[in-house]
$ cat target-v1.cif   # mmCIF, C-alpha atoms
data_entry
#
loop_
_atom_site.label_atom_id
_atom_site.label_comp_id
_atom_site.auth_asym_id
_atom_site.auth_seq_id
_atom_site.Cartn_x
_atom_site.Cartn_y
_atom_site.Cartn_z
CA SER A 20 -101.37 -78.27 -0.31
CA ALA A 21 -99.30 -80.67 -2.37
CA VAL A 22 -98.63 -84.13 -0.97
CA ILE A 23 -94.96 -84.94 -1.41
CA SER A 24 -93.51 -88.36 -0.72
CA GLN A 25 -89.77 -88.53 -0.31
CA LYS A 26 -87.82 -91.78 -0.01
CA PRO A 27 -85.87 -92.97 1.84
CA SER A 28 -86.60 -91.05 5.01
CA ARG A 29 -83.16 -91.85 6.35
CA ASP A 30 -80.13 -93.91 5.47
CA ILE A 31 -76.66 -94.70 6.69
CA CYS A 32 -74.19 -95.19 3.85
CA GLN A 33 -70.56 -96.14 3.43
CA ARG A 34 -68.19 -93.54 2.05
CA GLY A 35 -67.54 -93.89 -1.64
CA THR A 36 -71.02 -95.19 -2.41
CA SER A 37 -73.99 -93.38 -3.96
CA LEU A 38 -77.57 -92.88 -2.80
CA THR A 39 -80.57 -91.97 -4.91
CA ILE A 40 -83.38 -90.04 -3.25
CA GLN A 41 -86.84 -90.07 -4.79
CA CYS A 42 -89.47 -87.35 -4.68
CA GLN A 43 -93.04 -88.12 -5.78
CA VAL A 44 -95.78 -85.48 -5.90
CA ASP A 45 -99.51 -86.18 -5.96
CA SER A 46 -100.15 -83.72 -8.79
CA GLN A 47 -98.31 -82.20 -11.71
CA VAL A 48 -95.95 -79.40 -10.80
CA THR A 49 -93.81 -77.19 -12.96
CA MET A 50 -90.80 -76.66 -10.78
CA MET A 51 -89.08 -78.94 -8.31
CA PHE A 52 -86.17 -77.96 -6.13
CA TRP A 53 -83.58 -79.92 -4.17
CA TYR A 54 -82.16 -78.45 -0.97
CA ARG A 55 -79.46 -79.55 1.44
CA GLN A 56 -79.45 -78.84 5.16
CA GLN A 57 -76.14 -79.59 6.83
CA PRO A 58 -76.21 -80.31 10.58
CA GLY A 59 -77.26 -77.26 12.56
CA GLN A 60 -77.44 -75.14 9.43
CA SER A 61 -80.07 -73.55 7.26
CA LEU A 62 -81.24 -74.82 3.90
CA THR A 63 -79.23 -74.29 0.75
CA LEU A 64 -80.52 -74.87 -2.76
CA ILE A 65 -78.66 -77.53 -4.72
CA ALA A 66 -80.49 -77.32 -8.03
CA THR A 67 -83.77 -76.63 -9.80
CA ALA A 68 -85.24 -79.53 -11.75
CA ASN A 69 -87.52 -78.80 -14.68
CA GLN A 70 -89.19 -81.48 -16.73
CA GLY A 71 -87.63 -81.97 -20.13
CA SER A 72 -84.47 -80.01 -19.52
CA GLU A 73 -81.19 -80.21 -17.65
CA ALA A 74 -81.27 -79.27 -14.01
CA THR A 75 -79.92 -75.85 -13.10
CA TYR A 76 -77.26 -76.07 -10.39
CA GLU A 77 -76.36 -73.45 -7.84
CA SER A 78 -72.85 -72.25 -7.27
CA GLY A 79 -70.85 -74.88 -5.42
CA PHE A 80 -72.90 -77.83 -6.66
CA VAL A 81 -72.07 -79.86 -9.77
CA ILE A 82 -73.91 -82.43 -11.82
CA ASP A 83 -71.26 -85.12 -11.39
CA LYS A 84 -71.73 -85.03 -7.63
CA PHE A 85 -75.50 -84.47 -7.56
CA PRO A 86 -77.07 -85.83 -10.74
CA ILE A 87 -80.79 -85.11 -10.98
CA SER A 88 -83.51 -86.64 -13.08
CA ARG A 89 -86.95 -85.21 -13.82
CA PRO A 90 -88.67 -87.69 -16.13
CA ASN A 91 -92.17 -86.26 -15.70
CA LEU A 92 -94.17 -83.57 -13.91
CA THR A 93 -94.72 -85.61 -10.74
CA PHE A 94 -91.34 -87.22 -10.05
CA SER A 95 -87.69 -86.39 -9.55
CA THR A 96 -84.58 -88.04 -8.16
CA LEU A 97 -81.41 -86.68 -6.63
CA THR A 98 -78.32 -88.85 -6.43
CA VAL A 99 -75.53 -88.11 -3.98
CA SER A 100 -72.47 -89.65 -5.61
CA ASN A 101 -69.18 -90.89 -4.19
CA MET A 102 -70.25 -89.90 -0.71
CA SER A 103 -68.00 -88.64 2.05
CA PRO A 104 -68.87 -87.81 5.67
CA GLU A 105 -69.23 -84.15 4.64
CA ASP A 106 -72.31 -85.16 2.66
CA SER A 107 -74.12 -86.09 5.88
CA SER A 108 -77.16 -83.81 5.77
CA ILE A 109 -80.88 -83.66 5.40
CA TYR A 110 -81.87 -83.51 1.74
CA LEU A 111 -85.27 -82.06 0.91
CA CYS A 112 -87.26 -81.75 -2.26
CA SER A 113 -89.62 -78.83 -2.72
CA VAL A 114 -92.32 -78.12 -5.27
CA GLU A 115 -94.03 -75.09 -6.68
CA ARG A 116 -97.52 -75.42 -8.03
CA ASP A 117 -98.84 -71.89 -8.02
CA ARG A 118 -97.78 -69.80 -11.02
CA LEU A 119 -97.58 -66.84 -8.70
CA TYR A 120 -95.11 -68.72 -6.53
CA THR A 121 -97.06 -68.23 -3.32
CA GLU A 122 -96.71 -71.83 -2.27
CA ALA A 123 -93.58 -73.81 -1.56
CA PHE A 124 -94.05 -77.24 -0.03
CA PHE A 125 -91.42 -79.70 1.09
CA GLY A 126 -91.14 -83.43 1.32
CA GLN A 127 -90.40 -85.10 4.63
CA GLY A 128 -86.67 -84.99 3.98
CA THR A 129 -84.01 -87.66 3.77
CA ARG A 130 -81.62 -87.77 6.70
CA LEU A 131 -78.33 -89.10 5.32
CA THR A 132 -75.40 -90.20 7.44
CA VAL A 133 -72.16 -91.18 5.72
CA VAL A 134 -69.74 -93.29 7.71
CA ALA B 4 -78.00 -59.79 -3.12
CA GLN B 5 -80.90 -61.21 -1.20
CA LYS B 6 -80.43 -61.85 2.48
CA ILE B 7 -82.59 -63.05 5.34
CA THR B 8 -81.61 -62.31 8.94
CA GLN B 9 -82.99 -64.02 12.00
CA THR B 10 -81.27 -62.57 15.05
CA GLN B 11 -82.79 -64.86 17.68
CA PRO B 12 -80.99 -68.22 17.82
CA GLY B 13 -83.35 -69.39 20.54
CA MET B 14 -86.54 -68.29 22.26
CA PHE B 15 -88.55 -69.44 25.26
CA VAL B 16 -92.27 -68.89 25.72
CA GLN B 17 -94.78 -70.04 28.27
CA GLU B 18 -97.61 -72.21 27.07
CA LYS B 19 -100.71 -70.20 26.03
CA GLU B 20 -98.72 -66.99 25.62
CA ALA B 21 -97.94 -65.23 22.34
CA VAL B 22 -94.45 -65.08 20.88
CA THR B 23 -92.87 -63.05 18.09
CA LEU B 24 -90.06 -64.43 15.97
CA ASP B 25 -88.05 -61.76 14.20
CA CYS B 26 -87.09 -61.72 10.54
CA THR B 27 -85.56 -58.94 8.46
CA TYR B 28 -84.73 -59.13 4.81
CA ASP B 29 -82.74 -57.32 2.19
CA THR B 30 -83.61 -57.15 -1.48
CA SER B 31 -83.47 -54.63 -4.27
CA ASP B 32 -86.44 -56.17 -6.04
CA GLN B 33 -89.96 -54.78 -5.82
CA SER B 34 -91.71 -58.11 -6.23
CA TYR B 35 -90.95 -60.79 -3.70
CA GLY B 36 -92.54 -63.27 -1.33
CA LEU B 37 -91.86 -64.04 2.30
CA PHE B 38 -92.40 -67.44 3.90
CA TRP B 39 -92.25 -68.97 7.33
CA TYR B 40 -91.58 -72.65 7.94
CA LYS B 41 -91.60 -74.86 11.01
CA GLN B 42 -89.09 -77.68 11.27
CA PRO B 43 -89.67 -80.14 14.13
CA SER B 44 -86.95 -82.52 15.22
CA SER B 45 -88.17 -85.02 12.62
CA GLY B 46 -86.65 -82.77 9.94
CA GLU B 47 -89.64 -82.08 7.73
CA MET B 48 -90.30 -78.50 6.65
CA ILE B 49 -93.86 -77.42 7.35
CA PHE B 50 -95.17 -74.40 5.44
CA LEU B 51 -96.87 -71.95 7.82
CA ILE B 52 -97.62 -68.67 6.13
CA TYR B 53 -96.90 -66.51 3.07
CA GLN B 54 -96.80 -62.74 2.52
CA GLY B 55 -96.45 -61.11 -0.88
CA SER B 56 -94.67 -57.81 -1.21
CA TYR B 57 -97.75 -56.21 -2.75
CA ASP B 58 -100.18 -57.58 -0.18
CA GLU B 59 -101.66 -54.68 1.74
CA GLN B 60 -102.88 -56.72 4.66
CA ASN B 61 -100.83 -58.87 6.99
CA ALA B 62 -101.20 -62.57 6.31
CA THR B 63 -102.91 -64.76 8.92
CA GLU B 64 -103.30 -68.53 9.14
CA GLY B 65 -105.00 -69.73 12.29
CA ARG B 66 -102.70 -68.98 15.23
CA TYR B 67 -99.99 -67.67 12.92
CA SER B 68 -99.84 -64.11 11.71
CA LEU B 69 -97.15 -62.23 9.86
CA ASN B 70 -96.33 -58.70 10.97
CA PHE B 71 -95.20 -57.26 7.64
CA GLN B 72 -93.51 -53.85 7.77
CA LYS B 73 -92.32 -53.19 4.25
CA ALA B 74 -90.51 -49.92 4.93
CA ARG B 75 -88.49 -51.56 7.68
CA LYS B 76 -88.05 -54.74 5.63
CA SER B 77 -89.26 -56.92 8.44
CA ALA B 78 -91.60 -59.92 8.40
CA ASN B 79 -91.98 -61.14 11.95
CA LEU B 80 -93.98 -64.26 12.76
CA VAL B 81 -96.44 -64.03 15.63
CA ILE B 82 -97.68 -67.25 17.19
CA SER B 83 -100.65 -66.74 19.49
CA ALA B 84 -101.63 -69.05 22.33
CA SER B 85 -98.45 -71.14 22.16
CA GLN B 86 -98.77 -74.89 22.49
CA LEU B 87 -96.19 -77.48 23.51
CA GLY B 88 -96.29 -78.82 19.95
CA ASP B 89 -95.03 -75.47 18.67
CA SER B 90 -91.56 -76.29 19.98
CA ALA B 91 -89.43 -76.48 16.85
CA MET B 92 -87.00 -74.61 14.64
CA TYR B 93 -88.60 -71.79 12.66
CA PHE B 94 -87.18 -70.51 9.39
CA CYS B 95 -87.96 -67.30 7.56
CA ALA B 96 -87.42 -67.39 3.79
CA MET B 97 -87.70 -65.04 0.85
CA ARG B 98 -88.09 -65.41 -2.86
CA GLU B 99 -87.78 -62.80 -5.56
CA VAL B 100 -90.56 -63.45 -8.02
CA ASN B 101 -89.24 -64.15 -11.50
CA TYR B 102 -92.19 -65.22 -13.61
CA GLY B 103 -90.22 -66.06 -16.66
CA GLY B 104 -87.18 -67.83 -15.35
CA ALA B 105 -86.05 -70.75 -13.27
CA THR B 106 -84.49 -68.74 -10.49
CA ASN B 107 -87.34 -68.63 -8.01
CA LYS B 108 -85.36 -70.24 -5.27
CA LEU B 109 -85.96 -69.63 -1.61
CA ILE B 110 -83.31 -67.92 0.49
CA PHE B 111 -83.49 -69.04 4.11
CA GLY B 112 -82.50 -67.41 7.35
CA THR B 113 -80.50 -69.26 9.99
CA GLY B 114 -83.56 -70.12 12.02
CA THR B 115 -84.89 -69.60 15.56
CA LEU B 116 -85.29 -72.51 17.94
CA LEU B 117 -88.50 -72.04 19.90
CA ALA B 118 -89.09 -73.87 23.16
CA VAL B 119 -92.58 -73.76 24.64
CA GLN B 120 -92.58 -74.32 28.39
CA PRO B 121 -95.53 -75.76 30.32
#
$ encode --input "target-v1.cif" --output "structure tokens"
Amino acid sequence: SAVISQKPSRDICQRGTSLTIQCQVDSQVTMMFWYRQQPGQSLTLIATANQGSEATYESGFVIDKFPISRPNLTFSTLTVSNMSPEDSSIYLCSVERDRLYTEAFFGQGTRLTVV
Amino acid sequence: AQKITQTQPGMFVQEKEAVTLDCTYDTSDQSYGLFWYKQPSSGEMIFLIYQGSYDEQNATEGRYSLNFQKARKSANLVISASQLGDSAMYFCAMREVNYGGATNKLIFGTGTLLAVQP
């Protein structure tokens, strides 16, 4: 399995500020995904991050609010911009390594509280 | 559109007994994958087991097995010999396999909260 390190594990932030979440993988992976899990809810995909190209955002998520970087095949960041209490969620990065897409591993998650 | 349904918001099981967590799915695609994840209170998502739509045998991983009934579009997770550490939220997820594109996202169900009682 892939070893995925996600930082920070949790944070409490003031509204109006921004937080950047890092995701580091122990080996090169083609596709990285960022998910959001609002309190008591299931996971929803924010965007797909591919190295060397713009991230692909899902409906309801925009680049200005959730800018993503993917500078290489082992690292990605998600920024939550201009935060409001509604952004309080767990944010998780996920990686695919198998070309047949039979594996999907997640980082430990970042538990964000906006006050 | 793809959809995953988990009808059991919560389940109880006695320690050392087996438990089945239900999952049904809806897709028009022929090629897809089904996943089960465990999410303890810490929030991390732990990959448990995978079943491909073309796999003829049910997937097994230790105490976890997937009861895959393709015609009924169900992919139930069976946990044998439950342990106290199995208490967690369990999510079923599906992905349509798109080898050429960037749309291989996972669609998650709403989850089942499992409580293992001593």
$ atom_distance --input "target-v1.cif" --atom1 "atom CA of B:Pro43" --atom2 "atom CA of B:Gln72"
27.3 Å
$ closest_atom_pairs --input "target-v1.cif" --of "chain B" --to "chain A" --cutoff "6 Å" --atoms "all atoms listed in the file" --output "JSON lines"
{"residue": "B:Glu47", "atom": "CA", "partner": "A:Gln127", "partner_atom": "CA", "distance": 4.4}
{"residue": "B:Met48", "atom": "CA", "partner": "A:Phe125", "partner_atom": "CA", "distance": 5.8}
{"residue": "B:Thr113", "atom": "CA", "partner": "A:Ser61", "partner_atom": "CA", "distance": 5.1}
$ atom_distance --input "target-v1.cif" --atom1 "atom CA of A:Thr39" --atom2 "atom CA of A:Lys26"
8.8 Å
$ atom_distance --input "target-v1.cif" --atom1 "atom CA of B:Gln17" --atom2 "atom CA of B:Gln54"
26.8 Å
$ resolve_selection --input "target-v1.cif" --expression "the PyMOL selection byres ((chain A and resi 43) around 10)" --output "ChimeraX atom specification"
/A:22-26,41-42,44-47,92-96,112,126
$ resolve_selection --input "target-v1.cif" --expression "the PyMOL selection byres ((chain B and resi 79-81) around 7)" --output "PDB file with C-alpha atoms, in the coordinates of the input"
ATOM      1  CA  ALA B  21     -97.940 -65.230  22.340  1.00  0.00           C
ATOM      2  CA  VAL B  22     -94.450 -65.080  20.880  1.00  0.00           C
ATOM      3  CA  THR B  23     -92.870 -63.050  18.090  1.00  0.00           C
ATOM      4  CA  LEU B  24     -90.060 -64.430  15.970  1.00  0.00           C
ATOM      5  CA  ASP B  25     -88.050 -61.760  14.200  1.00  0.00           C
ATOM      6  CA  CYS B  26     -87.090 -61.720  10.540  1.00  0.00           C
ATOM      7  CA  TYR B  67     -99.990 -67.670  12.920  1.00  0.00           C
ATOM      8  CA  SER B  68     -99.840 -64.110  11.710  1.00  0.00           C
ATOM      9  CA  LEU B  69     -97.150 -62.230   9.860  1.00  0.00           C
ATOM     10  CA  ASN B  70     -96.330 -58.700  10.970  1.00  0.00           C
ATOM     11  CA  PHE B  71     -95.200 -57.260   7.640  1.00  0.00           C
ATOM     12  CA  SER B  77     -89.260 -56.920   8.440  1.00  0.00           C
ATOM     13  CA  ALA B  78     -91.600 -59.920   8.400  1.00  0.00           C
ATOM     14  CA  ILE B  82     -97.680 -67.250  17.190  1.00  0.00           C
ATOM     15  CA  SER B  83    -100.650 -66.740  19.490  1.00  0.00           C
TER      16      SER B  83
END
$ resolve_selection --input "target-v1.cif" --expression "the PyMOL selection byres ((chain B and resi 29) around 7)" --output "JSON, numbers by chain"
{"B": [5, 6, 7, 28, 30, 76]}
$ residues_around --input "target-v1.cif" --residues "A:Val99" --least-positions-apart "2" --cutoff "8 Å" --atoms "only C-alpha atoms" --output "ChimeraX atom specification"
/A:37-39,84-86,97,101-102,106
$ write_last_selection --input "target-v1.cif" --atoms "C-alpha atoms" --output "short mmCIF file (atom, residue, chain, number, x, y, z; two decimals), in the coordinates of the input"
data_model
loop_
_atom_site.label_atom_id
_atom_site.label_comp_id
_atom_site.auth_asym_id
_atom_site.auth_seq_id
_atom_site.Cartn_x
_atom_site.Cartn_y
_atom_site.Cartn_z
CA SER A 37 -73.99 -93.38 -3.96
CA LEU A 38 -77.57 -92.88 -2.80
CA THR A 39 -80.57 -91.97 -4.91
CA LYS A 84 -71.73 -85.03 -7.63
CA PHE A 85 -75.50 -84.47 -7.56
CA PRO A 86 -77.07 -85.83 -10.74
CA LEU A 97 -81.41 -86.68 -6.63
CA ASN A 101 -69.18 -90.89 -4.19
CA MET A 102 -70.25 -89.90 -0.71
CA ASP A 106 -72.31 -85.16 2.66
#
$ closest_residue --input "target-v1.cif" --among "A:Ser107, A:Gly79, A:Thr98, A:Gln70" --to "A:Thr49" --atoms "all atoms listed in the file"
A:Gln70
$ residues_around --input "target-v1.cif" --residues "B:Gly112" --least-positions-apart "5" --cutoff "6 Å" --atoms "all atoms listed in the file" --output "PyMOL selection string"
chain B and resi 7-9+94-95
$ axis_aligned_box --input "target-v1.cif" --around "stretch 76-82 of chain B" --padding-each-side "8 Å" --output "JSON"
{"center_x": -92.9, "center_y": -61.0, "center_z": 11.4, "size_x": 25.6, "size_y": 28.5, "size_z": 27.6}
$ closest_residue --input "target-v1.cif" --among "A:Arg55, A:Pro104, A:Asn91, A:Asp83" --to "B:Phe111" --atoms "all atoms listed in the file"
A:Arg55
$ closest_residue --input "target-v1.cif" --among "B:Asn61, B:Ala4, B:Tyr40, B:Val119" --to "B:Ser90" --atoms "only C-alpha atoms"
B:Val119
